[in-house]
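Asker: Structure in structure tokens, see below.
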Amino acid sequence: MKKKIKIAVVLLIIFSSYMFGRVQRQILDDINMPSAVGYDYVDRHTFKATTVRPIYRPDKSVGNRTFIASDELSTQTFSKINQQSSRQVVTGKLEVALYSKEVAKHGIGDLVDSLQRDPSISERLFVAVVDGETNKLLKKKYGDRDTGAYLSMLIEQNMNSGELPTNNLHQFLNAYNSKLKDPFLPLIEQKGENVHLKGIALFKDDHYVKNLRQDQQFIFQALIENIKLGTYKLKLKNKKYAAIENINTKHTYRVVNLKKKPEINVDVKVRGIIKEYTGKKTDEKEIAIIKKQVEKELEKEATAMIRTFQKLKIDPIGFGDQVRSRTRNFRYQQWLDQYPNVLVRVKVNVVILEKGVVD
Amino acid sequence: MKTAIKDQFLVSPFLVFFLVHGMQYGVGPLSFQRDIANYVGHDAWIPILISGIIVHLLIWMMYMMLNKDKGDLMTIHQRTFGKWLGNLLSLLIILYVLAESVTVLRSYIEIVQVWMFPLLKTWPFALVLLFSVYYVVSGGFRTVTGVCFLAVVLPAYLILTFFVPIQFSDFRNLLPVFDHSLFDIAKSIKGAVLAFSGFEYGLFYYPFIKQPESSQKWAHLGNLFTTCLYLLIMIVTLGFFDQGYLQKVIWPTLMMWKIIKLPFVERFEIIGVTSWAVVMLPIICLMFWSASRGIKEMFKLKQRNVLAVLLFLCLIVSCILIDRETIEQYNTIVGEIGFWILFAYIPFLFICYHIRFKMRKKI
């Protein structure tokens with residue numbers, strides 16, 4: 001009798017878990033996995049979402065298929081895209097999220113929410129701002145990859161080679177949710193057959209405010225992280241040019257007068273190799289001039305850049321964090337009030353390690 | 001007083017390391033960061049260290065009582081407070097153990113529902129899990145210990161995954177150290193101690209250990225290991241998240257797994273959550289083993305029948321908790337009770353027991 005009950009219970013559990021415990025199956029070949037999504041501005045409440053998914057053709061080439069939908073909510077656009085798609089749309093393979101400049105100007109907070117709330121979205125996703133319409137950019141096919149993979153490779157490659165500060169979704173969300181820092185994103189643009197990196201888009205909270213000038217990008221990055229592999233072009237006074245490559249930088253922050261009005265001193269050490277020089281000779285004197293000139297130039301750019309940040313009341317570099325981590329009983333409001341007038345001194349120290357194989 | 005437990009049912013003292021550590025390391029480490037950082041922000045690693053020390057003290061108290069008594073919680077209660085009051089207190093503790101087992105089970109199922117299968121129903125999953133719990137617990141304490149051992153050894157590779165987020169971390173976030181008042185730190189200890197709960201089951205399984213006195217050092221070692229592991233998780237979390245972001249994230253540990261990228265799997269947290277089933281199973285097993293054993297001792301019932309009833313109760317309660325808010329509320333209430341049991345009741349019992357012991361000697 002007892003044995004029969006036991007068998008009955010076991011059977012019941014197996015049966016009920018099989019009947020009721022099943023979830024929807026998602027077979028890789030039968031789902032639509034967009035690799036990139038872009039948002040364009042329509043009006044104040046609605047936006048247009050464009051997704052691209054790769055199509056793997058039998059001849060091993062990769063194609064693109066784009067879907068477009070507009071709505072107020074980001075997830076809703078996905079379900080509208082779902083209505084157009086023959087296969088279920090899932091977000092797990094998303095590699096790049098793009099916002100048009102117009103959307104970014106009106107604030108991307110609502111759109112970012114869907115990125116941080118969805119557990120299936122990777123923290124390594126790249127977020128970028130597009131100068132122009134994302135729709136146009138995503139509709140085109142670049143290179144031999146699908147557009148999503150192409151864009152993510154483009155951004156990642158530039159981060160590795162020192163053109164861009166590393167900035168994935170996690171770092172963006174960190175800055176976005178921080179009380180002190182403001183986020184920044186890479187700015188890309190479509191030009192003819194190619195997509196190219198245009199600069200860095202600066203944000204205040206979730207609104208795009210300004211993009212960084214290309215010549216300030218190097219010092220901007222040097223102040224955020226230690227560059228491993230950078231390049232810098234210098235224009236000398238006598239219309240000669242010098243290119244310094246394989247640069248690695250190191251920054252040291254010092255904050256003085258913490259109690260009343262903090263002053264920030266940054267030492268940036270730049271070590272690089274001269275790769276190209278349009279002058280005649282690179283002797284000791286010439287190198288000393290180049291070194292001096294680079295130092296002066298970088299310091300000037302840094303000061304101008306920081307001045308604009310302070311005017312706009314944005315802090316993408318994280319000076320606030322530098323002060324906070326050195327102050328006991330840090331007062332956020334006091335710092336935010338002080339920030340536009342805080343003195344930031346940047347001192348650059350350049351070391352030219354080598355000058356190639358000729359003098 | 002009591003019939004001694006036969007030799008074949010006993011376990012070696014060193015296994016207490018796995019019993020203590022395995023019980024502490026449950027669903028807590030997936031989400032404990034936020035509760036602590038709520039009060040002390042970037043100093044959140046300090047309460048972990050302090051709680052670790054407090055728990056060492058509590059373990060010492062526990063062993064002082066047990067070594068004298070040579071029994072378990074039920075006999076300690078009976079000897080200290082008399083038969084009726086003692087049994088009543090034991091029953092209350094058992095009720096708490098059951099309530100806690102529901103929080104573990106339901107929290108885990110919630111994680112599976114949020115992170116992996118939003119459409120998964122609670123009850124079939126709970127049913128299957130509890131069925132395996134029945135299978136393990138009815139195998140006796142030795143089986144439960146075996147599962148505990150596996151739960152520590154098998155998912156040990158997950159420790160390595162906590163090093164991956166370091167390349168995206170900024171440890172400047174941890175500075176300045178000791179930036180919060182002692183009062184704030186004291187408040188945050190509550191959240192931290194709860195993550196350490198689990199050592200108190202020694203009060204139930206003590207008689208099942210060979211040369212139980214020698215197992216004390218293993219219990220302390222287990223707790224030390226938990227403390228180090230929690231410190232690692234906490235420091236990496238504080239470096240990885242900005243304070244403003246950390247306040248928003250419900251499961252910071254799972255968020256940290258999202259940054260891991262492997263060539264063969266896009267989402268590592270799926271592997272993490274799945275592995276966590278192994279981490280979490282022995283906790284529920286040992287909880288039910290303790291509860292059913294306690295009831296068996298007090299009311300002289302058959303342990304398997306008691307177990308079946310308790311599992312059924314647990315299944316019903318965990319199905320009643322439907323959404324995030326109710327689960328959160330339930331967890332907070334159980335956490336509150338648990339905190340007072342660990343923090344106040346064990347020292348109280350320790351003092352009462354010793355007073356009673358002294359008095360008996362005089363007579």
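Residues in the structure tokens are numbered from 1 in each chain, the chains being A, B, ... in the order shown, and ligands are numbered from 1 in the order shown.
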Considering only C-alpha atoms, tabulate each residue of region 255-307 of chain B that lies at most 6 Å from region 147-168 of chain B along with its nearest interatomic pair and the corresponding distance in Å to one decimal; arrange the rows by chain and ascending residue number and present them as a Markdown table.
Answerer:
```
| residue | atom | partner | partner_atom | distance |
| --- | --- | --- | --- | --- |
| B:Val278 | CA | B:Ala151 | CA | 5.5 |
| B:Val279 | CA | B:Ala151 | CA | 4.9 |
| B:Pro282 | CA | B:Cys148 | CA | 5.2 |
```
Asker: Enumerate as number ranges by chain the residues belonging to chain B that approach chain A to within 7 Å, with only C-alpha atoms taken into account.
Answerer: B: 115, 117, 119-121, 124-125, 128, 172-173, 175-176, 179, 241-245, 258-259
Asker: Please provide the set of residues having any atom within 12 Å of region 82-84 of chain B, restricted to only C-alpha atoms, with same-chain residues fewer than 5 positions apart removed, written as a list in words.
Answerer: Met74, Thr75, Ile76, His77, Leu89, Ser90, Leu91, Met298, Phe299, Tyr353 and Arg356 of chain B
Asker: As a VMD selection string, which residues of region 86-230 of chain B does DSSP assign to alpha helix (DSSP H)?
Answerer: chain B and resid 86 to 115 122 to 138 141 to 153 158 to 161 182 to 196 202 to 205 216 to 230
Asker: Using C-alpha atoms, can you export the residues from the last selection as a CSV table (one decimal), in the first residue's frame?
Answerer:
```
chain,number,residue,atom,x,y,z
B,86,GLY,CA,11.8,24.7,26.7
B,87,ASN,CA,9.8,22.8,24.1
B,88,LEU,CA,7.8,25.8,23.3
B,89,LEU,CA,11.0,27.8,22.6
B,90,SER,CA,12.4,25.0,20.5
B,91,LEU,CA,9.1,25.0,18.5
B,92,LEU,CA,9.4,28.7,17.9
B,93,ILE,CA,13.0,28.3,16.6
B,94,ILE,CA,11.8,25.5,14.3
B,95,LEU,CA,9.1,27.7,13.0
B,96,TYR,CA,11.7,30.3,12.2
B,97,VAL,CA,13.8,27.7,10.5
B,98,LEU,CA,10.9,26.8,8.3
B,99,ALA,CA,10.2,30.4,7.5
B,100,GLU,CA,13.8,30.9,6.5
B,101,SER,CA,13.8,27.9,4.3
B,102,VAL,CA,10.9,29.5,2.4
B,103,THR,CA,12.9,32.7,1.9
B,104,VAL,CA,15.8,30.7,0.5
B,105,LEU,CA,13.6,28.7,-1.8
B,106,ARG,CA,11.5,31.6,-3.0
B,107,SER,CA,14.4,33.9,-3.5
B,108,TYR,CA,16.1,31.4,-5.6
B,109,ILE,CA,13.0,30.8,-7.7
B,110,GLU,CA,12.6,34.5,-8.1
B,111,ILE,CA,16.1,34.8,-9.4
B,112,VAL,CA,15.5,32.1,-12.0
B,113,GLN,CA,12.2,33.8,-13.0
B,114,VAL,CA,13.8,37.2,-13.4
B,115,TRP,CA,17.1,36.2,-15.0
B,122,THR,CA,6.7,28.8,-9.1
B,123,TRP,CA,5.0,25.7,-8.0
B,124,PRO,CA,6.3,23.0,-10.5
B,125,PHE,CA,9.8,24.2,-9.9
B,126,ALA,CA,9.4,24.3,-6.1
B,127,LEU,CA,7.8,20.9,-6.3
B,128,VAL,CA,10.7,19.3,-8.1
B,129,LEU,CA,13.2,21.0,-5.8
B,130,LEU,CA,11.4,20.0,-2.6
B,131,PHE,CA,11.1,16.5,-3.9
B,132,SER,CA,14.9,16.3,-4.2
B,133,VAL,CA,15.1,17.8,-0.7
B,134,TYR,CA,12.8,15.0,0.5
B,135,TYR,CA,15.0,12.4,-1.2
B,136,VAL,CA,18.2,13.9,0.4
B,137,VAL,CA,16.8,14.4,3.9
B,138,SER,CA,15.2,11.0,4.1
B,141,PHE,CA,22.2,13.3,8.1
B,142,ARG,CA,25.2,11.7,6.4
B,143,THR,CA,23.6,12.3,3.0
B,144,VAL,CA,22.8,15.9,3.9
B,145,THR,CA,26.4,16.4,4.9
B,146,GLY,CA,27.5,14.9,1.6
B,147,VAL,CA,25.3,17.3,-0.3
B,148,CYS,CA,26.8,20.2,1.7
B,149,PHE,CA,30.3,19.0,0.8
B,150,LEU,CA,29.4,18.9,-2.9
B,151,ALA,CA,27.8,22.3,-2.6
B,152,VAL,CA,31.0,23.9,-1.5
B,153,VAL,CA,33.4,22.0,-3.8
B,158,LEU,CA,32.6,30.6,-9.2
B,159,ILE,CA,35.1,32.3,-6.9
B,160,LEU,CA,37.3,32.9,-9.9
B,161,THR,CA,34.5,34.8,-11.6
B,182,LEU,CA,29.9,54.1,14.3
B,183,PHE,CA,26.1,54.4,14.5
B,184,ASP,CA,25.8,53.9,10.7
B,185,ILE,CA,28.1,50.9,10.8
B,186,ALA,CA,26.1,49.4,13.7
B,187,LYS,CA,22.9,49.7,11.6
B,188,SER,CA,24.5,48.1,8.6
B,189,ILE,CA,25.7,45.1,10.7
B,190,LYS,CA,22.2,43.8,10.7
B,191,GLY,CA,22.3,43.2,6.9
B,192,ALA,CA,25.7,41.7,7.1
B,193,VAL,CA,25.0,39.3,10.0
B,194,LEU,CA,22.0,37.9,8.0
B,195,ALA,CA,24.4,36.9,5.2
B,196,PHE,CA,26.4,35.0,7.8
B,202,GLY,CA,25.2,23.5,14.7
B,203,LEU,CA,22.7,23.5,17.5
B,204,PHE,CA,20.9,20.8,15.7
B,205,TYR,CA,23.5,18.6,14.2
B,216,GLN,CA,34.9,23.6,16.9
B,217,LYS,CA,38.0,24.7,15.0
B,218,TRP,CA,36.5,23.5,11.8
B,219,ALA,CA,33.4,25.6,12.5
B,220,HIS,CA,35.6,28.6,13.0
B,221,LEU,CA,37.5,27.9,9.9
B,222,GLY,CA,34.3,27.6,7.9
B,223,ASN,CA,33.2,31.0,9.2
B,224,LEU,CA,36.6,32.5,8.4
B,225,PHE,CA,36.4,31.2,4.9
B,226,THR,CA,33.0,32.8,4.5
B,227,THR,CA,34.2,36.1,5.8
B,228,CYS,CA,37.1,36.2,3.4
B,229,LEU,CA,34.8,35.3,0.5
B,230,TYR,CA,32.3,37.9,1.4
```
Asker: Which residue is closest to His180 (chain B)? Choose from B:Ile50, B:Val40, B:Val55, B:Ile235 and count only C-alpha atoms.
Answerer: B:Val40
Asker: Applying 8 Å and only C-alpha atoms, which residues near Tyr39 (chain A) remain after dropping the ones on its own chain fewer than 6 positions away? List them as a VMD selection string.
Answerer: chain A and resid 47 to 50 98 to 100 103 134 to 135
Asker: Interatomic distance between CA of Asn82 (chain A) and CA of Leu185 (chain A)?
Answerer: 28.7 Å
Asker: For Gly71 (chain B), which of B:Asp323, B:Asp7, B:Glu336, B:Glu297 is the closest residue, counting only C-alpha atoms?
Answerer: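 Among the listed residues, the smallest separation from Gly71 (chain B) belongs to B:Glu297.
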Asker: So that I can check the surroundings of Tyr150 (chain A), please list as a compact mmCIF listing (two decimals) with C-alpha atoms, in the first residue's frame every protein, DNA and RNA residue that reaches within 12 Å of it, counting only C-alpha atoms and ignoring chain neighbours fewer than 2 positions away.
Answerer:
```txt
# COMPACT_ATOMS: atom_id res chain seq x y z
CA SER A 35 22.74 42.88 -33.18
CA ALA A 36 22.20 46.62 -33.19
CA VAL A 52 19.40 45.20 -37.58
CA ARG A 53 19.84 41.51 -37.54
CA PRO A 54 22.39 39.51 -39.46
CA VAL A 62 26.39 37.84 -44.19
CA GLY A 63 23.52 40.14 -44.96
CA ASN A 64 21.44 42.56 -42.98
CA GLU A 95 25.99 44.50 -29.33
CA VAL A 96 25.44 48.16 -30.06
CA PHE A 126 28.49 49.63 -26.65
CA LEU A 137 23.36 54.43 -40.72
CA LEU A 138 21.95 51.06 -39.81
CA LYS A 140 23.65 50.30 -44.93
CA LYS A 141 26.01 47.38 -44.97
CA TYR A 142 29.64 47.95 -44.19
CA GLY A 143 32.46 45.53 -44.75
CA ASP A 144 31.88 41.81 -44.77
CA ARG A 145 30.16 41.64 -41.40
CA ASP A 146 26.66 42.56 -40.42
CA THR A 147 26.20 46.12 -39.29
CA GLY A 148 25.92 45.36 -35.56
CA SER A 152 30.93 46.99 -32.25
CA MET A 153 34.26 46.02 -33.79
CA LEU A 154 34.79 49.58 -34.94
CA ILE A 155 34.25 50.97 -31.47
CA GLU A 156 36.16 48.25 -29.67
CA GLN A 157 39.13 48.52 -32.00
CA ASN A 194 32.02 54.17 -44.13
CA VAL A 195 31.19 54.91 -40.57
CA HIS A 196 33.79 56.92 -38.77
```
